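Shown below: work_28.txt, with compact mmCIF, C-alpha atoms.
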# COMPACT_ATOMS: atom_id res chain seq x y z
CA MET A 673 -8.56 6.85 11.07
CA SER A 674 -5.48 4.72 11.08
CA ARG A 675 -3.66 3.78 14.26
CA TYR A 676 -0.40 4.34 12.41
CA LYS A 677 1.48 7.14 14.18
CA GLY A 678 3.45 8.36 11.15
CA ASN A 679 0.55 10.05 9.34
CA GLY A 680 1.97 13.50 10.15
CA GLU A 681 5.40 12.70 8.71
CA ALA A 682 6.11 15.13 5.87
CA CYS A 683 8.27 14.79 2.80
CA PRO A 684 11.21 17.15 3.39
CA SER A 685 11.14 18.33 -0.23
CA CYS A 686 7.49 18.82 -1.19
CA SER A 687 5.85 18.86 2.29
CA ILE A 688 3.11 16.32 1.46
CA THR A 689 2.32 14.28 4.56
CA TYR A 690 2.22 10.50 4.71
CA GLY A 691 -1.46 10.71 5.67
CA ARG A 692 -2.34 12.63 2.50
CA PHE A 693 -0.09 10.52 0.26
CA ARG A 694 -2.12 8.06 -1.87
CA THR A 695 -1.05 4.82 -3.52
CA GLY A 696 -3.57 5.03 -6.34
CA PHE A 697 -4.75 1.49 -5.59
CA THR A 698 -8.29 0.46 -4.73
CA TRP A 699 -9.42 -2.36 -2.44
CA GLN A 700 -10.10 -4.43 -5.57
CA ASP A 701 -6.59 -3.80 -6.92
CA VAL A 702 -4.97 -5.06 -3.73
CA TRP A 703 -7.38 -8.01 -3.46
CA MET A 704 -6.51 -9.04 -7.01
CA MET A 705 -2.84 -9.26 -6.05
CA PHE A 706 -3.81 -12.38 -4.11
CA TRP A 707 -5.87 -13.90 -6.92
CA ASN A 708 -4.75 -17.28 -8.23
CA ALA A 709 -5.34 -18.59 -11.70
CA GLN A 710 -8.20 -20.96 -12.34
CA GLY A 711 -7.40 -24.57 -11.75
CA THR A 712 -5.59 -23.93 -8.48
CA PRO A 713 -7.29 -25.88 -5.69
CA GLN A 714 -9.15 -23.53 -3.34
CA ASP A 715 -7.34 -24.88 -0.28
CA GLU A 716 -4.08 -23.55 -1.81
CA TRP A 717 -5.39 -19.99 -2.27
CA PRO A 718 -3.83 -17.43 0.08
CA ARG A 719 -6.11 -16.08 2.77
CA LYS A 720 -7.74 -12.79 1.76
CA SER A 721 -9.29 -11.48 4.95
CA ARG A 722 -9.73 -7.77 5.64
CA GLY A 723 -6.57 -7.74 7.74
CA VAL A 724 -4.50 -9.40 5.03
CA ILE A 725 -5.67 -6.90 2.40
CA LEU A 726 -5.08 -3.91 4.68
CA GLY A 727 -1.68 -5.26 5.71
CA LYS A 728 -0.61 -5.62 2.08
CA TRP A 729 -1.92 -2.14 1.27
CA PHE A 730 0.06 -0.73 4.22
CA GLU A 731 3.19 -2.50 2.97
CA ILE A 732 2.66 -1.06 -0.53
CA LYS A 733 2.12 2.45 0.84
CA GLN A 734 5.25 2.23 3.00
CA ASP A 735 7.33 1.20 -0.02
CA MET A 736 5.81 3.89 -2.23
CA TRP A 737 6.32 6.54 0.48
CA ARG A 738 10.02 5.68 0.86
CA HIS A 739 10.40 5.77 -2.92
CA HIS A 740 8.59 9.13 -3.11
CA VAL A 741 10.80 10.71 -0.44
CA ASP A 742 13.97 9.41 -2.13
CA GLU A 743 12.89 10.54 -5.60
CA CYS A 744 11.56 13.88 -4.39
CA LYS A 745 14.95 14.72 -2.84
CA GLY A 746 16.58 14.32 -6.24
CA THR A 747 14.15 16.58 -8.08
CA VAL A 748 14.32 19.66 -5.83
CA THR A 749 16.36 22.53 -7.22
CA THR A 750 17.80 25.25 -5.03

Encoding of this model in structure tokens:
Amino acid sequence: MSRYKGNGEACPSCSITYGRFRTGFTWQDVWMMFWNAQGTPQDEWPRKSRGVILGKWFEIKQDMWRHHVDECKGTVTT
């Protein structure tokens, strides 16, 4: 389980929690975000360690979560 302490944070509109919210990306999808086109010297490739991939995935999820909460607020009818 993640060490992130916000997993229990819930969307105020639809009640989904951050921990259950999914980005829809796979490990391969995130890894490919760091892929460089052929012909680029290998010493110029960005580092793709486990921590780098997980850090990028966390960044993506944080952005998507904020977007979800903002968009969800606008779609709720009372």

- Message: Which residues are near A:Ile732? Cut-off 12 Å, only C-alpha atoms, ignore same chain within fewer than 4 positions. Put them as a PyMOL selection string.
- Response: chain A and resi 693-698+701-702+705+725-728+736-739

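The residue set within 8 Å of A:Tyr690, counting all atoms listed in the file and dropping same-chain residues fewer than 4 places from it, reads Gly678, Asn679, Gly680, Glu681, Ala682, Cys683 and Trp737 of chain A.
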
- Using all atoms listed in the file, what residues lie at most 8 Å away from (-6.7, -14.8, -0.3) (file coordinates), given as a list in words?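 It turns out the residues near that spot are Trp703, Phe706, Trp707, Trp717, Pro718, Arg719, Lys720, Ser721 and Val724 of chain A.
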
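Atom CA of A:Gly746 to atom CA of A:Pro684 spans 11.4 Å [interatomic distance, one decimal].
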
- Task: Would you list the contacts of A:Lys745 as a ChimeraX atom specification, taking every protein, DNA or RNA residue within 9 Å and counting all atoms listed in the file, but skipping same-chain residues closer than 2 positions in sequence?
- Result: /A:683-686,740-743,747-748
